[in-house]
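A.B. asks: What follows is my_file13.txt, compact mmCIF, C-alpha atoms.
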```txt
# COMPACT_ATOMS: atom_id res chain seq x y z
CA MET A 1 0.00 0.00 0.00
CA ALA A 2 1.36 3.42 -0.87
CA GLU A 3 2.47 5.50 2.09
CA ALA A 4 0.14 8.38 1.20
CA SER A 5 -2.94 6.13 1.48
CA ARG A 6 -2.02 4.38 4.72
CA ILE A 7 -4.20 5.16 7.71
CA SER A 8 -2.74 6.28 11.01
CA GLU A 9 -2.63 3.62 13.69
CA ALA A 10 -2.01 3.57 17.46
CA ARG A 11 -0.11 0.67 18.99
CA ARG A 12 0.81 -0.24 22.57
CA ASP A 13 3.95 -2.23 23.24
CA ALA A 14 4.33 -5.06 25.74
CA VAL A 15 7.61 -3.95 27.32
CA PHE A 16 7.30 -0.25 28.17
CA ALA A 17 3.47 -0.07 28.04
CA ARG A 18 3.78 2.94 25.73
CA TRP A 19 1.24 4.02 23.17
CA VAL A 20 2.74 5.10 19.84
CA ILE A 21 0.88 6.82 17.01
CA PHE A 22 2.04 5.83 13.52
CA SER A 23 1.28 8.66 11.12
CA PRO A 24 2.92 8.19 7.71
CA ALA A 25 1.29 11.38 6.45
CA ARG A 26 3.73 13.36 8.62
CA SER A 27 6.71 12.27 6.55
CA ARG A 28 7.82 11.70 3.01
CA ARG A 29 8.51 8.14 1.88
CA PRO A 30 10.33 6.10 4.57
CA THR A 31 13.31 5.76 2.27
CA ASP A 32 13.65 9.56 2.16
CA LEU A 33 14.03 9.90 5.91
CA LYS A 34 17.65 10.85 6.59
CA SER A 35 19.74 12.57 9.19
CA HIS A 36 20.19 16.26 8.33
CA GLY A 37 23.91 15.95 8.99
CA PRO A 38 26.19 13.02 9.81
CA ALA A 39 27.22 12.54 13.42
CA ASN A 40 30.87 12.58 12.42
CA PRO A 41 31.32 14.28 9.05
CA SER A 42 34.00 12.77 6.81
CA PRO A 43 35.74 10.60 9.39
CA GLY A 44 38.30 9.44 6.86
CA PRO A 45 41.13 6.99 7.53
CA ASP A 46 42.89 7.15 10.87
CA ASP A 47 46.56 8.10 10.71
CA GLY A 48 47.19 6.91 14.26
CA ALA A 49 48.14 10.37 15.51
CA PRO A 50 46.34 11.76 18.57
CA LYS A 51 44.17 14.81 18.06
CA PRO A 52 45.48 17.95 19.75
CA SER A 53 42.45 18.45 21.99
CA CYS A 54 41.29 14.86 22.67
CA PRO A 55 42.29 13.30 26.00
CA PHE A 56 40.87 9.93 24.91
CA CYS A 57 43.55 9.47 22.25
CA LEU A 58 46.52 7.17 22.61
CA GLY A 59 49.40 8.83 24.47
CA ARG A 60 47.21 11.29 26.39
CA GLU A 61 46.12 8.97 29.17
CA SER A 62 47.47 11.28 31.88
CA GLU A 63 44.89 13.92 30.92
CA CYS A 64 41.97 11.63 31.80
CA ALA A 65 40.32 10.77 35.08
CA PRO A 66 41.71 7.69 36.89
CA GLU A 67 41.73 4.41 34.99
CA ILE A 68 39.68 1.50 36.36
CA PHE A 69 41.06 -1.14 33.99
CA ARG A 70 42.28 -1.56 30.44
CA VAL A 71 41.99 -4.26 27.80
CA PRO A 72 45.35 -4.92 26.11
CA ALA A 73 45.77 -4.92 22.34
CA PRO A 74 45.80 -8.51 21.00
CA ASP A 75 49.16 -8.18 19.28
CA GLU A 76 50.79 -5.96 21.95
CA SER A 77 51.58 -3.38 19.27
CA LEU A 78 49.71 -0.80 21.36
CA PRO A 79 49.59 -0.36 25.13
CA TRP A 80 45.80 -0.78 25.19
CA ARG A 81 42.77 -1.55 23.07
CA ILE A 82 40.04 -0.35 25.45
CA ARG A 83 40.20 1.75 28.61
CA VAL A 84 37.54 2.02 31.30
CA ILE A 85 37.98 5.21 33.30
CA GLU A 86 36.13 7.34 35.79
CA ASN A 87 34.14 10.19 34.27
CA LEU A 88 35.96 13.47 34.83
CA PHE A 89 32.61 15.24 35.27
CA PRO A 90 30.43 12.61 36.97
CA ALA A 91 26.69 12.95 37.41
CA LEU A 92 27.00 10.91 40.62
CA ARG A 93 30.06 10.70 42.86
CA ARG A 94 31.66 7.49 44.12
CA GLU A 95 33.30 9.27 47.05
CA ALA A 96 29.94 10.32 48.50
CA ALA A 97 28.48 8.26 51.31
CA PRO A 98 25.81 5.85 50.05
CA PRO A 99 22.35 6.97 51.14
CA ALA A 100 20.45 4.98 53.75
CA PRO A 101 16.63 4.94 53.96
CA GLU A 102 16.76 7.13 57.04
CA ASP A 103 18.85 9.67 55.09
CA GLU A 104 15.95 10.61 52.84
CA GLU A 105 15.28 14.27 53.52
CA PRO A 106 11.66 15.34 52.92
CA VAL A 107 11.43 18.53 50.88
CA GLY A 108 7.73 18.52 50.12
CA ALA A 109 4.66 16.32 49.80
CA GLY A 110 6.00 13.02 48.46
CA GLU A 111 9.38 14.55 47.58
CA CYS A 112 12.76 13.77 49.08
CA ALA A 113 16.47 14.34 48.50
CA VAL A 114 19.53 12.15 49.17
CA ARG A 115 23.25 12.50 48.60
CA GLY A 116 24.38 12.09 44.99
CA PHE A 117 26.23 8.79 45.47
CA GLY A 118 26.90 6.53 42.51
CA PHE A 119 29.38 5.55 39.82
CA HIS A 120 29.78 7.26 36.45
CA ASP A 121 32.33 5.59 34.16
CA VAL A 122 33.50 5.97 30.57
CA VAL A 123 34.50 3.17 28.17
CA ILE A 124 37.00 4.41 25.56
CA GLU A 125 36.32 1.96 22.75
CA THR A 126 39.47 2.46 20.67
CA PRO A 127 42.83 4.26 20.94
CA HIS A 128 42.26 5.88 17.53
CA HIS A 129 40.29 9.11 17.23
CA GLU A 130 38.68 8.54 13.82
CA VAL A 131 37.65 4.90 14.35
CA ARG A 132 33.97 4.40 15.12
CA LEU A 133 32.56 1.40 16.97
CA TRP A 134 31.21 -0.21 13.79
CA ASP A 135 34.58 0.26 12.08
CA LEU A 136 36.05 -2.31 14.49
CA ASP A 137 36.00 -5.98 13.57
CA ALA A 138 33.55 -8.25 15.38
CA GLU A 139 36.21 -9.23 17.90
CA GLY A 140 36.86 -5.56 18.66
CA VAL A 141 33.15 -4.88 19.26
CA ARG A 142 33.01 -8.05 21.38
CA ASP A 143 35.80 -6.73 23.59
CA VAL A 144 33.88 -3.48 24.14
CA LEU A 145 30.79 -5.45 25.16
CA LEU A 146 32.89 -7.66 27.45
CA ALA A 147 34.35 -4.53 29.04
CA TYR A 148 30.79 -3.40 29.78
CA ALA A 149 29.98 -6.77 31.33
CA ARG A 150 33.15 -6.83 33.42
CA ARG A 151 32.52 -3.37 34.85
CA VAL A 152 28.81 -4.09 35.46
CA GLN A 153 29.82 -7.22 37.38
CA GLN A 154 32.22 -5.15 39.50
CA LEU A 155 29.50 -2.61 40.29
CA ALA A 156 27.00 -5.38 41.07
CA GLU A 157 29.24 -6.38 43.98
CA HIS A 158 28.80 -2.97 45.64
CA PRO A 159 25.95 -3.32 48.15
CA ALA A 160 24.61 0.21 47.53
CA VAL A 161 24.37 -0.04 43.74
CA LYS A 162 20.92 -1.17 42.62
CA TYR A 163 21.11 -0.67 38.86
CA VAL A 164 23.64 0.07 36.11
CA GLN A 165 22.63 1.80 32.90
CA VAL A 166 25.03 1.17 30.02
CA PHE A 167 24.59 3.62 27.14
CA LYS A 168 26.28 5.17 24.12
CA ASN A 169 25.68 8.66 22.75
CA GLN A 170 26.99 9.04 19.21
CA GLY A 171 27.04 12.59 17.87
CA ALA A 172 26.61 15.95 19.58
CA SER A 173 22.83 16.08 19.08
CA ALA A 174 22.59 12.63 20.73
CA GLY A 175 24.39 13.93 23.82
CA ALA A 176 28.04 13.13 23.09
CA SER A 177 30.46 15.77 24.39
CA MET A 178 33.50 14.02 22.85
CA ALA A 179 33.87 12.92 19.22
CA HIS A 180 36.25 10.06 20.11
CA SER A 181 34.23 6.83 20.16
CA HIS A 182 33.18 6.01 23.70
CA SER A 183 30.27 4.86 25.82
CA GLN A 184 29.28 5.29 29.43
CA MET A 185 27.61 3.65 32.39
CA LEU A 186 25.95 4.98 35.50
CA GLY A 187 25.53 2.91 38.65
CA THR A 188 22.70 4.25 40.80
CA PRO A 189 21.68 3.61 44.43
CA PHE A 190 18.06 3.30 43.31
CA VAL A 191 16.14 1.53 40.56
CA PRO A 192 15.18 4.20 37.97
CA PRO A 193 11.42 4.67 37.50
CA SER A 194 11.49 3.68 33.82
CA VAL A 195 13.08 0.36 34.81
CA THR A 196 10.37 -0.23 37.41
CA SER A 197 7.71 0.60 34.81
CA ARG A 198 9.30 -1.80 32.32
CA LEU A 199 9.34 -4.64 34.84
CA ASN A 200 5.75 -3.95 35.91
CA CYS A 201 4.58 -4.04 32.31
CA MET A 202 6.42 -7.29 31.59
CA LYS A 203 5.05 -8.79 34.81
CA GLU A 204 1.51 -7.89 33.76
CA VAL A 205 1.99 -9.59 30.38
CA PHE A 206 3.50 -12.68 32.05
CA GLU A 207 0.68 -13.00 34.57
CA ARG A 208 -1.92 -12.66 31.82
CA SER A 209 -0.32 -14.92 29.20
CA GLY A 210 2.24 -17.02 31.03
CA LYS A 211 4.86 -15.81 28.55
CA CYS A 212 7.78 -13.38 28.64
CA SER A 213 7.14 -10.31 26.46
CA LEU A 214 10.44 -10.77 24.62
CA CYS A 215 10.47 -14.56 24.27
CA ALA A 216 7.68 -14.56 21.70
CA VAL A 217 8.60 -15.43 18.13
CA VAL A 218 9.36 -12.24 16.20
CA SER A 219 7.13 -11.60 13.20
CA LYS A 220 9.01 -11.82 9.92
CA ASP A 221 7.49 -8.46 8.97
CA ILE A 222 9.51 -6.61 11.62
CA LEU A 223 12.60 -8.84 11.70
CA VAL A 224 15.79 -7.26 10.32
CA SER A 225 18.30 -10.04 10.97
CA GLU A 226 18.96 -12.90 13.33
CA THR A 227 21.74 -15.20 14.42
CA HIS A 228 21.71 -18.43 16.40
CA ASN A 229 21.56 -16.46 19.65
CA PHE A 230 20.03 -13.04 18.89
CA SER A 231 17.25 -11.37 16.92
CA ALA A 232 17.39 -7.80 15.62
CA PHE A 233 14.06 -6.22 14.78
CA VAL A 234 12.12 -2.98 14.63
CA PRO A 235 9.72 -3.27 17.58
CA PHE A 236 5.98 -3.59 16.90
CA ALA A 237 5.33 -0.24 18.62
CA ALA A 238 8.63 1.52 17.90
CA SER A 239 8.68 4.96 19.53
CA TYR A 240 11.23 6.26 17.02
CA PRO A 241 11.69 5.82 13.25
CA PHE A 242 14.15 3.04 12.43
CA GLU A 243 14.55 2.08 16.09
CA ILE A 244 16.10 -1.39 16.48
CA TRP A 245 16.08 -3.85 19.38
CA ILE A 246 18.61 -6.68 19.67
CA VAL A 247 17.21 -9.40 21.93
CA PRO A 248 18.62 -12.74 23.14
CA ARG A 249 16.61 -15.57 21.61
CA GLN A 250 16.98 -17.58 24.82
CA HIS A 251 15.52 -16.09 27.98
CA SER A 252 18.13 -14.12 29.93
CA SER A 253 17.60 -11.49 32.64
CA TYR A 254 21.10 -10.02 33.02
CA PHE A 255 23.30 -8.70 30.22
CA HIS A 256 26.51 -9.15 32.20
CA GLU A 257 25.89 -12.90 32.57
CA THR A 258 25.96 -13.50 28.78
CA ASP A 259 28.41 -16.24 27.72
CA GLN A 260 31.55 -15.02 25.97
CA ASP A 261 30.78 -16.98 22.80
CA LYS A 262 27.35 -15.40 22.63
CA VAL A 263 28.87 -11.94 23.10
CA LEU A 264 30.83 -12.41 19.86
CA ASP A 265 27.55 -13.28 18.14
CA LEU A 266 25.98 -10.14 19.62
CA ALA A 267 28.96 -8.04 18.52
CA GLY A 268 28.65 -9.09 14.90
CA LEU A 269 24.94 -8.33 14.87
CA LEU A 270 25.37 -4.95 16.60
CA LYS A 271 28.08 -3.98 14.12
CA SER A 272 25.82 -4.96 11.21
CA MET A 273 22.84 -2.97 12.56
CA LEU A 274 24.94 0.16 13.10
CA GLN A 275 26.34 -0.14 9.57
CA LYS A 276 22.83 -0.47 8.14
CA LEU A 277 21.65 2.63 9.99
CA CYS A 278 24.74 4.55 8.90
CA LYS A 279 24.19 3.68 5.23
CA GLN A 280 20.44 4.23 5.11
CA LEU A 281 20.19 7.33 7.31
CA ASN A 282 23.32 9.30 6.37
CA ASP A 283 25.42 8.45 9.44
CA PRO A 284 22.84 9.70 11.96
CA PRO A 285 23.46 10.65 15.57
CA PHE A 286 22.13 7.83 17.73
CA ASN A 287 21.85 6.45 21.22
CA TYR A 288 21.91 2.87 22.36
CA MET A 289 21.00 1.56 25.77
CA ILE A 290 21.27 -1.86 27.39
CA HIS A 291 18.10 -2.62 29.35
CA SER A 292 18.95 -5.22 31.97
CA ALA A 293 17.45 -6.32 35.29
CA PRO A 294 18.13 -4.55 38.60
CA PHE A 295 20.53 -6.28 40.96
CA GLY A 296 19.14 -8.44 43.74
CA LEU A 297 15.90 -9.12 41.91
CA SER A 298 13.74 -11.83 43.45
CA SER A 299 13.93 -15.19 41.66
CA SER A 300 10.16 -14.99 41.15
CA CYS A 301 10.71 -11.97 38.88
CA LEU A 302 13.29 -13.61 36.60
CA PRO A 303 10.83 -15.47 34.33
CA TYR A 304 9.53 -12.18 32.91
CA THR A 305 12.69 -10.03 32.93
CA HIS A 306 14.59 -10.24 29.66
CA TRP A 307 17.50 -7.94 28.77
CA PHE A 308 17.88 -6.28 25.37
CA LEU A 309 19.82 -3.57 23.55
CA GLN A 310 17.86 -0.65 22.07
CA ILE A 311 19.27 1.51 19.24
CA VAL A 312 17.58 4.87 18.61
CA PRO A 313 18.65 7.00 15.60
CA GLN A 314 18.07 10.71 16.26
CA LEU A 315 15.96 11.71 13.25
CA SER A 316 13.23 13.87 14.77
CA VAL A 317 12.62 16.33 17.58
CA ILE A 318 10.48 15.45 20.59
CA GLY A 319 7.66 18.01 20.76
CA GLY A 320 5.08 19.18 23.25
CA PHE A 321 2.60 16.38 22.52
CA GLU A 322 5.20 13.72 23.25
CA MET A 323 6.39 15.49 26.41
CA GLY A 324 2.90 16.12 27.69
CA SER A 325 1.27 12.79 26.86
CA GLY A 326 4.14 10.31 26.98
CA CYS A 327 2.99 9.10 23.54
CA HIS A 328 5.34 9.30 20.58
CA ILE A 329 4.40 9.97 16.98
CA ASN A 330 6.37 7.86 14.52
CA PRO A 331 6.09 8.66 10.79
CA VAL A 332 7.42 5.23 9.73
CA PHE A 333 5.58 1.97 10.27
CA PRO A 334 7.89 -0.70 11.78
CA GLU A 335 7.16 -3.10 8.93
CA ASP A 336 8.36 -0.50 6.40
CA ALA A 337 11.49 0.34 8.38
CA ALA A 338 12.36 -3.34 8.81
CA LYS A 339 11.95 -4.05 5.10
CA ILE A 340 14.24 -1.16 4.18
CA LEU A 341 16.88 -2.25 6.69
CA ARG A 342 16.72 -5.90 5.60
CA GLU A 343 17.55 -4.92 2.04
CA ILE A 344 20.68 -2.93 2.94
CA ASP A 345 23.99 -4.70 2.51
CA SER A 346 25.90 -3.98 5.71
CA SER A 347 29.20 -5.37 4.43
CA VAL A 348 31.95 -2.82 3.84
```
Written as structure tokens, that's how I'd like the structure from this file.

C.D. replies:
Amino acid sequence: MAEASRISEARRDAVFARWVIFSPARSRRPTDLKSHGPANPSPGPDDGAPKPSCPFCLGRESECAPEIFRVPAPDESLPWRIRVIENLFPALRREAAPPAPEDEEPVGAGECAVRGFGFHDVVIETPHHEVRLWDLDAEGVRDVLLAYARRVQQLAEHPAVKYVQVFKNQGASAGASMAHSHSQMLGTPFVPPSVTSRLNCMKEVFERSGKCSLCAVVSKDILVSETHNFSAFVPFAASYPFEIWIVPRQHSSYFHETDQDKVLDLAGLLKSMLQKLCKQLNDPPFNYMIHSAPFGLSSSCLPYTHWFLQIVPQLSVIGGFEMGSGCHINPVFPEDAAKILREIDSSV
């Protein structure tokens, strides 16, 4: 059916309980939807030389916040392949005393304030300034994902940390303050409200159907690609155009417990999805987030908690309707976005 004649449709998803309005009349053809400017214009080949103002580059380690650990280069030609460091400008501070329940200071009806304790770390994904995550080989992307898992496991052992959000901001309009390829994680002393809402929605689906929201077989209409261990698809009620979820095909609650062999499988699929988005959407700014389970979750909750990785290209501006209602308007039906992405050759 031609896009111009398609009727708007509202869909509710089974993970976030969000309503999304699909309105193709608000856009040109789905294939015409592009980023207005690439996240990193003309990256070009890397000459190996550090950039004058980038502390993440090789040889400028002393300009960064303290290092937590590093992953060595496989051939020892470089002193490191990946570095995990403290954030120089942390949103939460590890040196603060962890809050106790009795520390909650009432400031109004139902409001409270506690000390800003937590962990805010940076993962420098490559020593080279011009190399993007999807420029790495699958083993290189795997090592970045394993660095995430290693650091999440370390933070899980801290009794005051309840949740760790792993995320990547690519491009200034997606929130990146540094052009050098990196990602971040925040360990919080509370479970964020969106995580609680996600778990409540998935619990509701499980109690009603006896099934995990993300264990259901993915419709071929929204599937982009799959491997033995993971499926990549545009979600049925995608909040954003060309949004992609990568989900383990076997039920798994915690990202950091993924087997190393499966992480390589995930790395290859993540690399492919980022390449597809780059080719189709003119190297758009994007965010990705790993949605995992909170630490210390009761065993009774595990059957309906299923981790996944969400990729969101930044192609539109969130307006007053979205902010006020919590509903997003997406100009591209998921089935159309998935078909376009399936047909793109992600090989270099």

A.B. asks: Which distance in Å separates atom CA of A:Val131 and atom CA of A:His291, to one decimal?

C.D. replies: 25.8 Å

A.B. asks: Can you pull out the residues contacting A:Phe206? Cut-off 10 Å, using only C-alpha atoms, and skip same-chain residues under 6 positions away; I want them as a list in words.

C.D. replies: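 So, after excluding close chain neighbours, the residues are Ala14, Asn200, Cys212, Ser213, Cys301, Pro303, Tyr304 and Thr305 of chain A.
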
A.B. asks: So which residues fall inside 6 Å of (-0.1, 3.3, 20.4) if we count all atoms listed in the file? Mind giving them as a PyMOL selection string?

C.D. replies: chain A and resi 10-12+19-21

A.B. asks: Work out how far apart atom CA of A:Phe16 and atom CA of A:Pro98 are and give it in Å to one decimal.

C.D. replies: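 Interatomic distance here is 29.3 Å.
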
A.B. asks: Using only C-alpha atoms, which residues sit within 8 Å of A:Trp80 once same-chain residues fewer than 6 positions away are excluded, as a PyMOL selection string?

C.D. replies: chain A and resi 70-73+127

A.B. asks: Smallest atom-to-atom distance to A:Leu270: which of A:Ile68, A:Leu186, A:Leu145, A:Val123, using only C-alpha atoms?

C.D. replies: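 Result for the nearest residue to A:Leu270: A:Leu145.
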
A.B. asks: Do a neighbour search on A:Ile85 at 6 Å with only C-alpha atoms, toss out local chain neighbours closer than 6 positions, and write the hits as a list in words.

C.D. replies: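 Counting only the stated atoms, we get Pro66, Glu67, Ile68, Asp121 and Val122 of chain A.
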
A.B. asks: Nearest to A:Gln275: which of A:Ile344, A:Ala160, A:Val166, A:Met185 is it, counting all atoms listed in the file?

C.D. replies: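 The shortest atom-to-atom distance to A:Gln275 comes from A:Ile344.
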
A.B. asks: Return stretch 131-146 of chain A, completed with N, CA, C and O atoms, as an mmCIF file, in the coordinates of the input.

C.D. replies:
```cif
data_model
loop_
_atom_site.group_PDB
_atom_site.id
_atom_site.type_symbol
_atom_site.label_atom_id
_atom_site.label_comp_id
_atom_site.auth_asym_id
_atom_site.auth_seq_id
_atom_site.Cartn_x
_atom_site.Cartn_y
_atom_site.Cartn_z
ATOM 1 N N VAL A 131 38.264 6.226 14.479
ATOM 2 C CA VAL A 131 37.650 4.900 14.350
ATOM 3 C C VAL A 131 36.350 4.879 15.149
ATOM 4 O O VAL A 131 36.326 5.200 16.327
ATOM 5 N N ARG A 132 35.263 4.502 14.465
ATOM 6 C CA ARG A 132 33.970 4.400 15.120
ATOM 7 C C ARG A 132 33.736 2.957 15.560
ATOM 8 O O ARG A 132 34.404 2.040 15.088
ATOM 9 N N LEU A 133 32.778 2.747 16.437
ATOM 10 C CA LEU A 133 32.560 1.400 16.970
ATOM 11 C C LEU A 133 32.339 0.389 15.859
ATOM 12 O O LEU A 133 32.897 -0.708 15.878
ATOM 13 N N TRP A 134 31.514 0.749 14.848
ATOM 14 C CA TRP A 134 31.210 -0.210 13.790
ATOM 15 C C TRP A 134 32.330 -0.342 12.762
ATOM 16 O O TRP A 134 32.256 -1.169 11.857
ATOM 17 N N ASP A 135 33.396 0.460 12.907
ATOM 18 C CA ASP A 135 34.580 0.260 12.080
ATOM 19 C C ASP A 135 35.457 -0.870 12.616
ATOM 20 O O ASP A 135 36.309 -1.408 11.890
ATOM 21 N N LEU A 136 35.296 -1.210 13.892
ATOM 22 C CA LEU A 136 36.050 -2.310 14.490
ATOM 23 C C LEU A 136 35.589 -3.634 13.900
ATOM 24 O O LEU A 136 34.462 -3.760 13.415
ATOM 25 N N ASP A 137 36.446 -4.650 13.961
ATOM 26 C CA ASP A 137 36.000 -5.980 13.570
ATOM 27 C C ASP A 137 35.121 -6.546 14.685
ATOM 28 O O ASP A 137 34.980 -5.951 15.765
ATOM 29 N N ALA A 138 34.488 -7.686 14.416
ATOM 30 C CA ALA A 138 33.550 -8.250 15.380
ATOM 31 C C ALA A 138 34.228 -8.533 16.720
ATOM 32 O O ALA A 138 33.626 -8.344 17.784
ATOM 33 N N GLU A 139 35.493 -8.958 16.661
ATOM 34 C CA GLU A 139 36.210 -9.230 17.900
ATOM 35 C C GLU A 139 36.447 -7.950 18.696
ATOM 36 O O GLU A 139 36.416 -7.958 19.931
ATOM 37 N N GLY A 140 36.671 -6.843 17.986
ATOM 38 C CA GLY A 140 36.860 -5.560 18.660
ATOM 39 C C GLY A 140 35.583 -5.087 19.344
ATOM 40 O O GLY A 140 35.609 -4.589 20.477
ATOM 41 N N VAL A 141 34.433 -5.235 18.649
ATOM 42 C CA VAL A 141 33.150 -4.880 19.260
ATOM 43 C C VAL A 141 32.861 -5.812 20.435
ATOM 44 O O VAL A 141 32.373 -5.378 21.490
ATOM 45 N N ARG A 142 33.186 -7.091 20.267
ATOM 46 C CA ARG A 142 33.010 -8.050 21.380
ATOM 47 C C ARG A 142 33.766 -7.592 22.615
ATOM 48 O O ARG A 142 33.243 -7.640 23.740
ATOM 49 N N ASP A 143 34.998 -7.141 22.434
ATOM 50 C CA ASP A 143 35.800 -6.730 23.590
ATOM 51 C C ASP A 143 35.202 -5.511 24.286
ATOM 52 O O ASP A 143 35.296 -5.374 25.509
ATOM 53 N N VAL A 144 34.575 -4.616 23.521
ATOM 54 C CA VAL A 144 33.880 -3.480 24.140
ATOM 55 C C VAL A 144 32.713 -3.982 24.979
ATOM 56 O O VAL A 144 32.529 -3.558 26.131
ATOM 57 N N LEU A 145 31.916 -4.908 24.428
ATOM 58 C CA LEU A 145 30.790 -5.450 25.160
ATOM 59 C C LEU A 145 31.239 -6.214 26.402
ATOM 60 O O LEU A 145 30.602 -6.145 27.465
ATOM 61 N N LEU A 146 32.353 -6.938 26.285
ATOM 62 C CA LEU A 146 32.890 -7.660 27.450
ATOM 63 C C LEU A 146 33.394 -6.694 28.508
ATOM 64 O O LEU A 146 33.308 -6.977 29.713
#
```
